[in-house]
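> Just dropping this structure here.
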Amino acid sequence: MNLKVRLSVMNFLEFAVWGAYLTCMGRYLGNIGFGTEIGWFYSVQGIVSIFMPAIIGIIADRWIQAQRMLGICHLLAGTFMIGAALYGLANGTESQFAPLFTLYTLSVAFFMPTIALANSVAFNALTQAGLDTVKDFPPIRVFGTVGFILTMWFVDLMGFQDNQNQFITSGLLSIVLFLYTFTLPSCPVKKDQGKKSLAEALGLRAFALFKKKEMAIFFIFSLLLGVCLQISNGYANPYIFSFGADPTYQDTFGVQHTTMLISLSQISETVCILLIPFFMKRFGIKNVMLIAMFAWVFRFAFFGLGDPGSGVWLFLLSMIVYGVAFDFFNISGSLFVESRTDSSIRSSAQGLFMLMTNGVGASLGMLVAQAIINSYTTQTIVGDQSYTIGDWTTCWYIFAAYALTIGVAFALVFKPEKANQQQ
């Protein structure tokens with residue numbers, strides 16, 4: 001099989017595993033009585049991302065080939081995810097938080113490092129084949145997003161949005177990828193890179209950048225904006241589905257196929273990636289980051305204003321701006337780090353950027369969002385369905401106001417040198 005096709009299949013499966021539950025898990029948790037604990041399940045992804053990719057990366061560097069490590073991690077992640085599903089199936093609404101959360105945490109602890117491992121496998125294979133990673137990898141990576149979207153649709157159409165079968169789907173896909181890794185090209189262990197310490201792998205050397213005012217401000221705002229990253233992944237599905245408690249909206253597409261509606265966010269993401277070079281050239285790094293921050297304002301505000309009936313167009317706008325909100329800051333921020341750091345600590349600096357946004361920021365954001373939403377909503381049984389009912393609009397407006405505050409403050413405080421504004 002053609003190398004690019006093989007790597008595309010790997011990326012498809014890699015992100016299909018995640019797409020099975022990431023945007024609908026909150027719905028399932030609410031259905032079994034864990035609606036007030038959704039934030040913990042999403043925040044733990046960020047927590048394990050702070051240290052697990054580094055630990056697994058060191059193992060792959062020193063002892064186990066990356067493609068083998070990718071397979072082992074997926075085998076463990078899939079096993080624990082199926083274990084969580086079987087526990088939920090056996091206990092239903094009588095499920096206890098500790099066992100389910102523990103099994104889920106163990107699964108994501110082994111899954112999160114696989115994103116970087118899959119990239120390593122692809123880069124190594126392309127390099128060994130004499131191909132250009134900059135040119136040839138993006139089309140391969142796009143199949144990851146395709147896999148994410150198609151699994152979302154599968155879970156939706158199969159009626160798995162509110163039950164443990166979304167976990168079973170994810171777990172089985174992980175095991176399929178474990179088996180598939182035996183067909184992937186070998187990634188030789190690099191003995192000369194095995195001396196990297198855990199502190200270096202965690203990006204701790206890059207903390208020296210906080211001595212520079214410009215970089216300190218940038219990383220602080222990266223953390224503050226990171227607060228927004230997972231909120232809609234965790235709560236958009238329970239929110240839109242909550243309209244089903246009202247007979248007016250019960251049969252609308254948004255309520256019946258919430259996950260498919262939300263998948264428009266991921267479709268927007270793939271399109272917005274293609275727009276970034278144009279925006280970077282025309283507006284510069286700081287302005288592109290500002291566009292992303294204000295896009296988060298609209299992402300949340302449109303949720304607060306919309307409904308699955310006559311106001312569904314506002315939900316559609318929220319899905320469209322998500323691509324700008326998510327991609328523009330992550331990619332422009334990464335480019336800013338690339339342009340402002342010495343090559344000797346550039347990888348560590350990129351790791352620090354991810355730690356601040358997708359690690360610490362996203363984890364804190366989900367716990368704060370959980371507290372806010374729990375204050376304004378309650379779990380209610382209507383017929384045979386469990387809904388999270390309450391003043392969701394105020395919650396979304398609070399999140400929008402937060403993003404607006406961060407955007408305005410960033411515009412006033414962050415002043416990169418002119419030479420680095422254009423890339």
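Chain labels A, B, ... are given in the sequence in which chains occur in the structure tokens; within each chain residues are numbered consecutively from 1, and ligands are likewise numbered from 1 in the order shown.
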How close does each residue of range 348-392 of chain A get to range 319-340 of chain A, giving the shortest atom pair and distance in Å to one decimal for every residue with an atom at most 10 Å away, counting only C-alpha atoms, sorted by chain and residue number, as CSV?

```
residue,atom,partner,partner_atom,distance
A:Ala349,CA,A:Val337,CA,6.7
A:Gln350,CA,A:Ser334,CA,6.6
A:Gly351,CA,A:Ser334,CA,9.7
A:Leu352,CA,A:Val337,CA,9.6
A:Phe353,CA,A:Ser334,CA,7.3
A:Met354,CA,A:Asn330,CA,8.5
A:Thr357,CA,A:Asn330,CA,8.4
A:Asn358,CA,A:Asn330,CA,9.5
```
> Please dump the current selection as a PDB file, in the first residue's frame; keep N, CA and C atoms.

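Saved as out13.pdb:
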```pdb
ATOM      1  N   ALA A 349       9.769  25.404  24.170  1.00  0.00           N
ATOM      2  CA  ALA A 349       8.863  26.556  24.177  1.00  0.00           C
ATOM      3  C   ALA A 349       7.509  26.186  23.574  1.00  0.00           C
ATOM      4  N   GLN A 350       7.526  25.387  22.510  1.00  0.00           N
ATOM      5  CA  GLN A 350       6.266  24.928  21.921  1.00  0.00           C
ATOM      6  C   GLN A 350       5.515  24.040  22.912  1.00  0.00           C
ATOM      7  N   GLY A 351       6.269  23.224  23.639  1.00  0.00           N
ATOM      8  CA  GLY A 351       5.645  22.386  24.659  1.00  0.00           C
ATOM      9  C   GLY A 351       5.022  23.224  25.761  1.00  0.00           C
ATOM     10  N   LEU A 352       5.697  24.312  26.116  1.00  0.00           N
ATOM     11  CA  LEU A 352       5.171  25.208  27.148  1.00  0.00           C
ATOM     12  C   LEU A 352       3.900  25.895  26.664  1.00  0.00           C
ATOM     13  N   PHE A 353       3.873  26.290  25.410  1.00  0.00           N
ATOM     14  CA  PHE A 353       2.676  26.917  24.834  1.00  0.00           C
ATOM     15  C   PHE A 353       1.487  25.959  24.907  1.00  0.00           C
ATOM     16  N   MET A 354       1.718  24.692  24.541  1.00  0.00           N
ATOM     17  CA  MET A 354       0.645  23.699  24.605  1.00  0.00           C
ATOM     18  C   MET A 354       0.237  23.431  26.050  1.00  0.00           C
ATOM     19  N   THR A 357      -1.999  26.358  27.215  1.00  0.00           N
ATOM     20  CA  THR A 357      -3.319  26.453  26.573  1.00  0.00           C
ATOM     21  C   THR A 357      -4.148  25.196  26.798  1.00  0.00           C
ATOM     22  N   ASN A 358      -3.689  24.075  26.239  1.00  0.00           N
ATOM     23  CA  ASN A 358      -4.467  22.838  26.275  1.00  0.00           C
ATOM     24  C   ASN A 358      -4.303  22.060  27.575  1.00  0.00           C
TER      25      ASN A 358
END
```
> Pick out the residues sitting within 12 Å of Val413 in chain A, and hand them over as a ChimeraX atom specification; count only C-alpha atoms, and ignore anything fewer than 2 positions along from it in its own chain.
/A:213-218,220-221,286,290,405-411,415-416
> Using all heavy atoms, can you write the selected residues to a file as a short mmCIF file (atom, residue, chain, number, x, y, z; two decimals), in the first residue's frame?

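The new file result39.cif reads:
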```cif
data_model
loop_
_atom_site.label_atom_id
_atom_site.label_comp_id
_atom_site.auth_asym_id
_atom_site.auth_seq_id
_atom_site.Cartn_x
_atom_site.Cartn_y
_atom_site.Cartn_z
N LYS A 213 9.60 40.12 29.36
CA LYS A 213 8.25 40.66 29.57
C LYS A 213 7.30 40.26 28.45
O LYS A 213 6.16 39.82 28.69
CB LYS A 213 8.32 42.18 29.68
CG LYS A 213 6.96 42.84 29.91
CD LYS A 213 7.09 44.35 29.99
CE LYS A 213 5.73 45.01 30.14
NZ LYS A 213 5.84 46.49 30.20
N GLU A 214 7.76 40.40 27.21
CA GLU A 214 6.91 40.10 26.06
C GLU A 214 6.43 38.65 26.08
O GLU A 214 5.24 38.36 25.88
CB GLU A 214 7.68 40.37 24.77
CG GLU A 214 6.89 40.09 23.50
CD GLU A 214 7.75 40.25 22.26
OE1 GLU A 214 8.78 39.54 22.14
OE2 GLU A 214 7.41 41.11 21.43
N MET A 215 7.35 37.72 26.35
CA MET A 215 7.00 36.31 26.36
C MET A 215 6.16 35.95 27.57
O MET A 215 5.24 35.12 27.49
CB MET A 215 8.27 35.45 26.32
CG MET A 215 9.08 35.60 25.06
SD MET A 215 8.13 35.29 23.54
CE MET A 215 7.72 33.55 23.71
N ALA A 216 6.45 36.57 28.71
CA ALA A 216 5.66 36.32 29.92
C ALA A 216 4.20 36.71 29.69
O ALA A 216 3.28 35.96 30.03
CB ALA A 216 6.23 37.08 31.11
N ILE A 217 4.00 37.87 29.08
CA ILE A 217 2.63 38.33 28.79
C ILE A 217 1.95 37.38 27.81
O ILE A 217 0.78 37.01 28.00
CB ILE A 217 2.66 39.77 28.21
CG1 ILE A 217 3.09 40.76 29.29
CG2 ILE A 217 1.29 40.15 27.65
CD1 ILE A 217 3.34 42.16 28.78
N PHE A 218 2.70 36.96 26.81
CA PHE A 218 2.12 36.04 25.82
C PHE A 218 1.67 34.73 26.46
O PHE A 218 0.55 34.25 26.21
CB PHE A 218 3.14 35.76 24.71
CG PHE A 218 2.73 34.64 23.79
CD1 PHE A 218 1.78 34.86 22.80
CD2 PHE A 218 3.28 33.37 23.92
CE1 PHE A 218 1.38 33.84 21.96
CE2 PHE A 218 2.88 32.34 23.08
CZ PHE A 218 1.93 32.58 22.11
N ILE A 220 1.00 34.08 29.62
CA ILE A 220 -0.10 34.31 30.56
C ILE A 220 -1.43 34.39 29.81
O ILE A 220 -2.44 33.79 30.20
CB ILE A 220 0.14 35.57 31.40
CG1 ILE A 220 1.30 35.32 32.39
CG2 ILE A 220 -1.12 35.98 32.15
CD1 ILE A 220 1.78 36.57 33.09
N PHE A 221 -1.44 35.13 28.70
CA PHE A 221 -2.67 35.23 27.92
C PHE A 221 -3.00 33.91 27.23
O PHE A 221 -4.17 33.61 26.99
CB PHE A 221 -2.56 36.37 26.90
CG PHE A 221 -2.95 37.71 27.46
CD1 PHE A 221 -1.98 38.61 27.86
CD2 PHE A 221 -4.29 38.05 27.63
CE1 PHE A 221 -2.33 39.85 28.39
CE2 PHE A 221 -4.65 39.28 28.16
CZ PHE A 221 -3.66 40.18 28.55
N LYS A 286 -0.22 39.37 15.86
CA LYS A 286 -1.04 39.89 16.96
C LYS A 286 -2.50 40.03 16.54
O LYS A 286 -3.40 39.64 17.29
CB LYS A 286 -0.51 41.24 17.45
CG LYS A 286 -1.38 41.82 18.56
CD LYS A 286 -0.87 43.15 19.09
CE LYS A 286 -1.83 43.71 20.15
NZ LYS A 286 -1.34 44.98 20.72
N LEU A 290 -5.86 38.23 17.97
CA LEU A 290 -7.02 39.01 18.43
C LEU A 290 -8.30 38.55 17.74
O LEU A 290 -9.36 38.46 18.37
CB LEU A 290 -6.79 40.50 18.16
CG LEU A 290 -5.98 41.27 19.19
CD1 LEU A 290 -5.68 42.67 18.69
CD2 LEU A 290 -6.73 41.33 20.51
N THR A 405 -13.26 40.23 27.63
CA THR A 405 -12.32 40.88 28.55
C THR A 405 -10.88 40.51 28.23
O THR A 405 -9.99 41.37 28.21
CB THR A 405 -12.64 40.47 30.00
OG1 THR A 405 -13.99 40.84 30.31
CG2 THR A 405 -11.70 41.16 30.98
N ILE A 406 -10.66 39.22 27.96
CA ILE A 406 -9.31 38.75 27.62
C ILE A 406 -8.85 39.40 26.31
O ILE A 406 -7.70 39.84 26.18
CB ILE A 406 -9.27 37.22 27.50
CG1 ILE A 406 -9.61 36.57 28.84
CG2 ILE A 406 -7.91 36.75 27.01
CD1 ILE A 406 -8.71 36.98 29.97
N GLY A 407 -9.74 39.47 25.32
CA GLY A 407 -9.39 40.06 24.03
C GLY A 407 -9.01 41.53 24.15
O GLY A 407 -8.00 41.97 23.58
N VAL A 408 -9.81 42.29 24.89
CA VAL A 408 -9.53 43.72 25.07
C VAL A 408 -8.22 43.93 25.82
O VAL A 408 -7.38 44.76 25.44
CB VAL A 408 -10.69 44.41 25.80
CG1 VAL A 408 -10.31 45.85 26.17
CG2 VAL A 408 -11.96 44.40 24.95
N ALA A 409 -8.03 43.15 26.88
CA ALA A 409 -6.80 43.27 27.67
C ALA A 409 -5.58 42.91 26.83
O ALA A 409 -4.54 43.58 26.91
CB ALA A 409 -6.88 42.36 28.90
N PHE A 410 -5.71 41.86 26.01
CA PHE A 410 -4.60 41.45 25.15
C PHE A 410 -4.25 42.55 24.16
O PHE A 410 -3.07 42.85 23.93
CB PHE A 410 -4.99 40.18 24.40
CG PHE A 410 -3.89 39.59 23.55
CD1 PHE A 410 -2.88 38.85 24.11
CD2 PHE A 410 -3.89 39.77 22.17
CE1 PHE A 410 -1.87 38.30 23.33
CE2 PHE A 410 -2.90 39.23 21.37
CZ PHE A 410 -1.88 38.49 21.95
N ALA A 411 -5.27 43.18 23.58
CA ALA A 411 -5.04 44.26 22.62
C ALA A 411 -4.29 45.42 23.25
O ALA A 411 -3.44 46.06 22.62
CB ALA A 411 -6.38 44.74 22.06
N LYS A 415 2.28 43.93 23.22
CA LYS A 415 2.86 44.78 22.18
C LYS A 415 4.14 44.15 21.64
O LYS A 415 5.25 44.51 22.04
CB LYS A 415 3.16 46.17 22.73
CG LYS A 415 1.93 46.88 23.32
CD LYS A 415 2.26 48.28 23.79
CE LYS A 415 1.08 48.92 24.49
NZ LYS A 415 -0.10 49.05 23.63
N PRO A 416 4.01 43.20 20.70
CA PRO A 416 5.21 42.59 20.12
C PRO A 416 5.96 43.57 19.25
O PRO A 416 5.39 44.54 18.75
CB PRO A 416 4.63 41.44 19.27
CG PRO A 416 3.26 41.89 18.92
CD PRO A 416 2.77 42.68 20.11
#
```
> Please compute the CA of Ser363 in chain A-CA of Ile231 in chain A distance, one decimal, in Å.
9.7 Å
> Using only C-alpha atoms, tabulate the residues of range 89-173 of chain A lying at most 12 Å from any atom of range 233-246 of chain A, each with its closest atom pair and that distance in Å to one decimal, by chain and increasing residue number, as a tab-separated table.

```
residue	atom	partner	partner_atom	distance
A:Met152	CA	A:Asn237	CA	11.8
A:Asp156	CA	A:Asn237	CA	11.2
A:Gln161	CA	A:Asn237	CA	9.0
A:Asp162	CA	A:Pro238	CA	9.5
```
> Keeping only N, CA, C and O atoms, write those residues as an mmCIF file, in the first residue's frame.

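Below is the file out_17.cif, written as the result:
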```
data_model
loop_
_atom_site.group_PDB
_atom_site.id
_atom_site.type_symbol
_atom_site.label_atom_id
_atom_site.label_comp_id
_atom_site.auth_asym_id
_atom_site.auth_seq_id
_atom_site.Cartn_x
_atom_site.Cartn_y
_atom_site.Cartn_z
ATOM 1 N N MET A 152 -18.183 11.080 14.747
ATOM 2 C CA MET A 152 -19.256 11.864 15.364
ATOM 3 C C MET A 152 -20.593 11.532 14.712
ATOM 4 O O MET A 152 -21.600 11.305 15.397
ATOM 5 N N ASP A 156 -23.852 9.575 16.352
ATOM 6 C CA ASP A 156 -25.155 10.252 16.305
ATOM 7 C C ASP A 156 -26.204 9.362 15.638
ATOM 8 O O ASP A 156 -27.274 9.095 16.203
ATOM 9 N N GLN A 161 -25.379 8.804 21.340
ATOM 10 C CA GLN A 161 -25.028 10.082 21.968
ATOM 11 C C GLN A 161 -25.236 10.085 23.478
ATOM 12 O O GLN A 161 -24.512 10.766 24.200
ATOM 13 N N ASP A 162 -26.240 9.353 23.948
ATOM 14 C CA ASP A 162 -26.577 9.413 25.368
ATOM 15 C C ASP A 162 -26.318 8.108 26.112
ATOM 16 O O ASP A 162 -26.848 7.891 27.193
#
```
> Would you mind reading off the distance between CA of Gly92 in chain A and CA of Tyr42 in chain A, one decimal, in Å?
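Separating CA of Gly92 in chain A from CA of Tyr42 in chain A is a distance of 20.2 Å.
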> As a ChimeraX atom specification, which residues of range 232-309 of chain A does DSSP assign to alpha helix (DSSP H)?
/A:232-242,253-256,258-305
